[in-house]
$ cat run02.txt   # compact mmCIF, C-alpha atoms
# COMPACT_ATOMS: atom_id res chain seq x y z
CA MET A 1007 24.87 -13.44 -60.90
CA GLN A 1008 21.98 -13.57 -63.34
CA MET A 1009 18.83 -15.54 -62.62
CA ALA A 1010 17.34 -17.88 -65.20
CA PRO A 1011 14.26 -16.34 -66.89
CA ARG A 1012 11.84 -18.76 -65.20
CA ILE A 1013 13.22 -18.08 -61.73
CA ARG A 1014 13.36 -14.34 -62.44
CA LYS A 1015 9.68 -14.29 -63.43
CA ALA A 1016 8.69 -16.33 -60.37
CA ALA A 1017 10.67 -13.97 -58.11
CA LEU A 1018 9.11 -10.96 -59.83
CA ALA A 1019 5.60 -12.36 -59.36
CA LEU A 1020 6.31 -12.99 -55.68
CA HIS A 1021 7.79 -9.51 -55.30
CA ILE A 1022 4.80 -7.79 -56.91
CA CYS A 1023 2.24 -9.84 -54.93
CA SER A 1024 3.99 -9.27 -51.60
CA SER A 1025 4.57 -5.55 -52.23
CA VAL A 1026 1.02 -4.86 -53.35
CA GLY A 1027 -0.30 -7.05 -50.52
CA TRP A 1028 1.77 -5.03 -48.05
CA ILE A 1029 0.15 -1.82 -49.29
CA GLY A 1030 -3.34 -3.35 -49.13
CA ALA A 1031 -2.79 -4.69 -45.61
CA ALA A 1032 -1.50 -1.28 -44.53
CA PHE A 1033 -4.74 0.26 -45.82
CA ALA A 1034 -6.74 -2.31 -43.78
CA TYR A 1035 -4.66 -1.40 -40.72
CA LEU A 1036 -5.34 2.29 -41.38
CA ALA A 1037 -9.10 1.64 -41.59
CA LEU A 1038 -9.01 0.03 -38.13
CA ALA A 1039 -6.83 2.85 -36.80
CA VAL A 1040 -9.35 5.42 -38.02
CA ALA A 1041 -12.18 3.41 -36.44
CA ALA A 1042 -10.29 3.39 -33.12
CA GLN A 1043 -9.65 7.12 -33.43
CA VAL A 1044 -13.20 8.25 -34.15
CA SER A 1045 -15.23 5.71 -32.18
CA GLU A 1046 -16.81 6.62 -28.87
CA GLN A 1047 -17.46 3.00 -27.90
CA ALA A 1048 -14.82 1.29 -25.81
CA SER A 1049 -15.59 -2.12 -27.34
CA THR A 1050 -14.98 -0.76 -30.85
CA VAL A 1051 -11.71 0.88 -29.84
CA TYR A 1052 -10.47 -2.27 -28.14
CA SER A 1053 -11.56 -4.54 -31.00
CA ALA A 1054 -9.89 -2.24 -33.52
CA TRP A 1055 -6.57 -2.42 -31.62
CA ILE A 1056 -6.79 -6.23 -31.49
CA GLY A 1057 -7.44 -6.24 -35.24
CA MET A 1058 -4.49 -3.90 -35.81
CA GLU A 1059 -2.23 -6.18 -33.81
CA LEU A 1060 -3.42 -9.25 -35.73
CA ILE A 1061 -3.10 -7.66 -39.16
CA GLY A 1062 0.27 -6.22 -38.19
CA TRP A 1063 1.95 -9.39 -36.99
CA VAL A 1064 0.19 -11.99 -39.16
CA VAL A 1065 -0.11 -10.12 -42.46
CA ILE A 1066 1.91 -6.90 -42.68
CA VAL A 1067 5.19 -8.08 -41.13
CA PRO A 1068 5.46 -11.30 -43.22
CA LEU A 1069 4.50 -9.47 -46.42
CA GLY A 1070 6.97 -6.69 -45.63
CA CYS A 1071 9.78 -9.18 -45.03
CA LEU A 1072 8.89 -11.08 -48.20
CA ALA A 1073 8.73 -7.91 -50.30
CA PHE A 1074 12.10 -6.79 -48.94
CA LEU A 1075 13.79 -10.15 -49.56
CA THR A 1076 12.34 -10.64 -53.05
CA GLY A 1077 13.33 -7.06 -53.88
CA LEU A 1078 16.91 -7.85 -52.86
CA LEU A 1079 16.79 -11.03 -54.93
CA MET A 1080 15.42 -9.21 -57.97
CA SER A 1081 18.06 -6.49 -57.85
CA LEU A 1082 21.00 -8.78 -57.17
CA GLY A 1083 19.86 -11.47 -59.59
CA THR A 1084 19.31 -9.15 -62.55
CA SER A 1085 21.39 -6.58 -64.35
CA TRP A 1086 19.67 -3.76 -62.42
CA GLY A 1087 22.02 -4.25 -59.48
CA LEU A 1088 21.52 -3.07 -55.92
CA VAL A 1089 23.29 0.30 -56.02
CA ARG A 1090 23.79 0.90 -59.73
CA HIS A 1091 20.59 2.84 -60.44
CA TYR A 1092 19.24 5.67 -58.32
CA TRP A 1093 15.67 4.35 -58.39
CA VAL A 1094 16.74 0.92 -57.10
CA LEU A 1095 18.93 2.47 -54.40
CA ILE A 1096 16.17 4.84 -53.24
CA ALA A 1097 13.60 2.02 -53.29
CA LEU A 1098 15.97 -0.10 -51.19
CA VAL A 1099 16.56 2.68 -48.65
CA LEU A 1100 12.85 3.51 -48.34
CA THR A 1101 11.78 -0.14 -48.06
CA THR A 1102 14.43 -0.77 -45.40
CA LEU A 1103 13.24 2.29 -43.52
CA ALA A 1104 9.58 1.24 -43.74
CA LEU A 1105 10.33 -2.33 -42.65
CA GLY A 1106 12.57 -1.13 -39.81
CA VAL A 1107 9.95 1.25 -38.45
CA LEU A 1108 7.30 -1.50 -38.81
CA LEU A 1109 9.36 -4.03 -36.84
CA LEU A 1110 10.13 -1.45 -34.15
CA HIS A 1111 6.52 -0.28 -33.99
CA MET A 1112 4.64 -3.58 -33.80
CA PRO A 1113 5.74 -4.43 -30.22
CA THR A 1114 4.29 -1.04 -29.25
CA VAL A 1115 0.96 -2.04 -30.77
CA THR A 1116 1.03 -5.29 -28.76
CA GLN A 1117 1.78 -3.27 -25.61
CA THR A 1118 -1.10 -0.92 -26.36
CA VAL A 1119 -3.51 -3.88 -26.71
CA GLY A 1120 -2.30 -5.11 -23.32
CA LEU A 1121 -2.72 -1.64 -21.86
CA ALA A 1122 -6.24 -1.35 -23.31
CA SER A 1123 -7.33 -4.61 -21.72
CA THR A 1124 -6.62 -3.18 -18.27
CA MET A 1125 -8.48 0.08 -18.86
CA SER A 1126 -11.97 1.05 -17.88
CA GLU A 1127 -14.42 1.81 -20.71
CA ALA A 1128 -14.03 5.55 -20.21
CA GLU A 1129 -10.25 5.27 -20.44
CA ALA A 1130 -10.32 2.94 -23.45
CA VAL A 1131 -12.33 5.48 -25.46
CA THR A 1132 -9.54 8.02 -24.99
CA LEU A 1133 -6.96 5.57 -26.32
CA GLY A 1134 -7.39 6.84 -29.88
CA GLY A 1135 -5.91 5.24 -32.97
CA ASP A 1136 -2.61 4.87 -34.74
CA ILE A 1137 -3.09 6.88 -37.90
CA VAL A 1138 0.32 8.46 -38.49
CA HIS A 1139 2.37 5.27 -38.84
CA PRO A 1140 0.20 3.54 -41.48
CA SER A 1141 -0.36 6.81 -43.36
CA VAL A 1142 3.35 7.56 -43.66
CA GLY A 1143 4.03 3.90 -44.44
CA ILE A 1144 1.46 3.84 -47.23
CA GLY A 1145 2.93 7.04 -48.67
CA ILE A 1146 6.40 5.51 -48.72
CA LEU A 1147 5.23 2.19 -50.17
CA VAL A 1148 3.17 3.82 -52.91
CA PHE A 1149 6.15 6.02 -53.81
CA VAL A 1150 8.37 2.92 -54.03
CA ALA A 1151 5.75 1.18 -56.18
CA VAL A 1152 5.67 4.18 -58.53
CA LEU A 1153 9.48 4.13 -58.72
CA ASN A 1154 9.34 0.43 -59.62
CA ILE A 1155 6.87 1.07 -62.42
CA TYR A 1156 8.46 4.16 -63.97
CA LYS A 1157 12.11 3.21 -63.35
CA PRO A 1158 13.41 6.77 -63.86
CA ARG A 1159 16.81 7.05 -65.50
CA GLY A 1160 20.04 7.81 -63.71
CA GLN A 1161 23.02 5.74 -62.67
CA THR A 1162 24.90 6.24 -59.44
CA GLY A 1163 28.33 5.71 -60.97
CA LEU A 1164 28.93 2.64 -58.84
CA ALA A 1165 29.78 -0.22 -61.22
CA GLN A 1166 28.52 2.01 -64.02
CA HIS A 1167 30.84 0.66 -66.70
CA LYS A 1168 30.79 -2.97 -65.76
CA ARG A 1169 27.53 -3.93 -67.43
CA PRO A 1170 25.34 -2.40 -70.11
CA ASP A 1171 22.13 -0.62 -69.22
CA PRO A 1172 19.42 -3.28 -68.73
CA ALA A 1173 16.48 -3.41 -71.09
CA ARG A 1174 13.72 -1.10 -69.83
CA MET B 807 32.73 41.16 -63.27
CA ASN B 808 32.85 39.76 -66.79
CA ASP B 809 36.47 38.83 -66.23
CA ALA B 810 35.59 36.97 -63.05
CA GLN B 811 32.77 35.15 -64.81
CA SER B 812 34.90 34.13 -67.74
CA GLU B 813 37.66 33.03 -65.36
CA ALA B 814 35.22 30.86 -63.45
CA GLN B 815 33.88 29.41 -66.67
CA SER B 816 37.31 28.66 -68.03
CA LYS B 817 38.26 26.64 -64.92
CA PRO B 818 37.74 22.92 -65.47
CA PRO B 819 35.01 21.57 -63.16
CA GLY B 820 36.20 19.46 -60.23
CA ARG B 821 35.38 15.80 -59.82
CA TYR B 822 32.76 16.56 -57.15
CA THR B 823 31.11 19.23 -59.31
CA ARG B 824 30.98 16.89 -62.28
CA HIS B 825 29.45 14.12 -60.20
CA LEU B 826 26.88 16.53 -58.75
CA ALA B 827 25.96 17.74 -62.23
CA SER B 828 25.45 14.16 -63.42
CA ILE B 829 22.84 13.43 -60.72
CA PRO B 830 19.36 13.50 -62.30
CA ARG B 831 17.06 16.34 -61.30
CA TRP B 832 14.42 13.96 -59.91
CA VAL B 833 16.98 12.56 -57.45
CA LYS B 834 17.91 16.06 -56.25
CA VAL B 835 14.23 16.95 -55.80
CA PHE B 836 13.65 13.71 -53.92
CA VAL B 837 16.59 14.32 -51.56
CA VAL B 838 15.41 17.87 -50.77
CA VAL B 839 11.79 16.77 -50.15
CA ALA B 840 12.86 13.74 -48.07
CA ALA B 841 15.25 15.83 -45.95
CA THR B 842 12.53 18.43 -45.36
CA LEU B 843 9.98 15.77 -44.33
CA LEU B 844 12.53 14.10 -42.05
CA LEU B 845 13.28 17.45 -40.42
CA LEU B 846 9.55 18.06 -39.91
CA VAL B 847 9.14 14.62 -38.29
CA VAL B 848 12.07 15.27 -35.93
CA VAL B 849 10.70 18.70 -34.98
CA ALA B 850 7.21 17.22 -34.43
CA MET B 851 8.65 14.51 -32.18
CA LEU B 852 10.64 17.09 -30.21
CA ILE B 853 7.55 19.28 -29.81
CA ALA B 854 5.57 16.23 -28.64
CA GLY B 855 8.13 15.87 -25.85
CA GLY B 856 9.74 12.71 -27.17
CA GLN B 857 6.75 10.58 -26.21
CA HIS B 858 6.56 7.82 -28.77
CA GLY B 859 4.82 4.66 -27.71
CA PRO B 860 1.72 3.36 -26.00
CA SER B 861 2.39 5.63 -23.04
CA ARG B 862 1.39 8.60 -25.16
CA HIS B 863 -2.12 7.21 -25.41
CA GLN B 864 -2.72 6.96 -21.70
CA SER B 865 -0.94 8.08 -18.59
CA ALA B 866 -2.62 5.63 -16.21
CA PRO B 867 -0.67 2.44 -15.37
CA SER B 868 2.86 1.72 -16.48
CA ILE B 869 3.13 -0.33 -19.65
CA SER B 870 5.14 -3.19 -18.26
CA GLU B 871 2.76 -3.66 -15.33
CA SER B 872 -0.36 -3.55 -17.46
CA ALA B 873 1.08 -5.71 -20.21
CA ALA B 874 2.11 -8.31 -17.65
CA ALA B 875 -1.30 -8.19 -16.01
CA SER B 876 -3.12 -8.40 -19.31
CA PRO B 877 -4.64 -11.80 -20.04
CA HIS B 878 -4.97 -10.83 -23.72
CA ALA B 879 -1.31 -10.03 -24.11
CA ILE B 880 -0.42 -13.44 -22.74
CA ASP B 881 -3.19 -15.45 -24.38
CA ALA B 882 -2.75 -13.93 -27.81
CA GLY B 883 0.99 -14.61 -27.92
CA LEU B 884 1.09 -12.93 -31.29
CA GLY B 885 4.61 -11.70 -30.82
CA ASP B 886 5.81 -15.24 -31.46
CA VAL B 887 4.14 -15.50 -34.83
CA CYS B 888 6.94 -13.81 -36.73
$ encode --input "run02.txt" --output "structure tokens"
Amino acid sequence: MQMAPRIRKAALALHICSSVGWIGAAFAYLALAVAAQVSEQASTVYSAWIGMELIGWVVIVPLGCLAFLTGLLMSLGTSWGLVRHYWVLIALVLTTLALGVLLLHMPTVTQTVGLASTMSEAEAVTLGGDIVHPSVGIGILVFVAVLNIYKPRGQTGLAQHKRPDPAR
Amino acid sequence: MNDAQSEAQSKPPGRYTRHLASIPRWVKVFVVVAATLLLLVVVAMLIAGGQHGPSRHQSAPSISESAAASPHAIDAGLGDVC
């Protein structure tokens, strides 16, 4: 199944915007996580966790889902294929992993906000931030973005002889 | 030793060996690095005692109790957004 050029370009634009937006939103989440980690004011820690929850559910999760779906569309609707090239396959695996961890992690963030609201100020200060998840996520997403830009050579051997190598 | 080497070289490579040789170097490097990082994450989680959630931040009230008692968790209702 090959997409018409107009649809392909629209899907590509949507894929790039959602993917880059996902990375940017993850950086915003990380900034709040760092603020929650280093702050000694309970109000700052609590506000940062509320912000992380908001950004997570309202921005990061939709952008992540959109990037994943448009990525699937782009690979299936073009001659790149889903499993034909190593870079596409690795990007798919990493994006699935990142989205899966995100969807599993966000309820935990919501629970933490609930937990923070019941804490005293002294307890809330010790809550800390959530630095590891966004940091690892950003690393994975940037790596996937680099793969998408460079498109390193190498075919998996799956459906290798069915179609010619797409134009790079 | 030379005989053994020449014998090994004269053997036609198996299907698996040929497939392995055709994998680009960058993919092999990626797999090794990813497996190492994954192993490190698993070890770090085991060392941390398997605690992975909001409970690791605070040991005070249980999560379900506090989340249920939290007006913010109910009022926000952000879990329904997506």
$ atom_distance --input "run02.txt" --atom1 "CA of Phe1074 (chain A)" --atom2 "CA of Arg831 (chain B)"
26.7 Å
$ atom_distance --input "run02.txt" --atom1 "CA of Leu1133 (chain A)" --atom2 "CA of Leu1105 (chain A)"
25.1 Å
$ atom_distance --input "run02.txt" --atom1 "CA of Thr1162 (chain A)" --atom2 "CA of Ile829 (chain B)"
7.6 Å
$ residues_near_point --input "run02.txt" --point "(17.4, 6.2, -54.3)" --cutoff "10 Å" --atoms "all atoms listed in the file" --output "list in words"
Val1089, Arg1090, His1091, Tyr1092, Trp1093, Val1094, Leu1095, Ile1096, Ala1097, Leu1098, Val1099, Leu1100, Val1150, Leu1153, Gly1160 and Thr1162 of chain A; Val833, Phe836 and Val837 of chain B
$ interface_residues --input "run02.txt" --of "chain A" --to "chain B" --cutoff "7 Å" --atoms "only C-alpha atoms" --output "list in words"
Trp1063, Val1064, Thr1114, Gln1117, Thr1118, Gly1120, Leu1121, Ser1123, Thr1124, Leu1133, Gly1134 and Gly1160 of chain A
$ residues_around --input "run02.txt" --residues "Ala1130 (chain A)" --least-positions-apart "3" --cutoff "8 Å" --atoms "all atoms listed in the file" --output "VMD selection string"
chain A and resid 1048 1051 to 1052 1122 1125 to 1127 1133
$ residues_around --input "run02.txt" --residues "Ala1054 (chain A)" --least-positions-apart "3" --cutoff "7 Å" --atoms "only C-alpha atoms" --output "PDB file with C-alpha atoms, keeping the file's coordinate frame"
ATOM      1  CA  LEU A1038      -9.010   0.030 -38.130  1.00  0.00           C
ATOM      2  CA  ALA A1039      -6.830   2.850 -36.800  1.00  0.00           C
ATOM      3  CA  ALA A1041     -12.180   3.410 -36.440  1.00  0.00           C
ATOM      4  CA  ALA A1042     -10.290   3.390 -33.120  1.00  0.00           C
ATOM      5  CA  THR A1050     -14.980  -0.760 -30.850  1.00  0.00           C
ATOM      6  CA  VAL A1051     -11.710   0.880 -29.840  1.00  0.00           C
ATOM      7  CA  GLY A1057      -7.440  -6.240 -35.240  1.00  0.00           C
ATOM      8  CA  MET A1058      -4.490  -3.900 -35.810  1.00  0.00           C
TER       9      MET A1058
END
$ closest_residue --input "run02.txt" --among "A:Ile1137, A:Met1112, A:Ala1019, A:Leu1078" --to "Ala1037 (chain A)" --atoms "all atoms listed in the file"
A:Ile1137
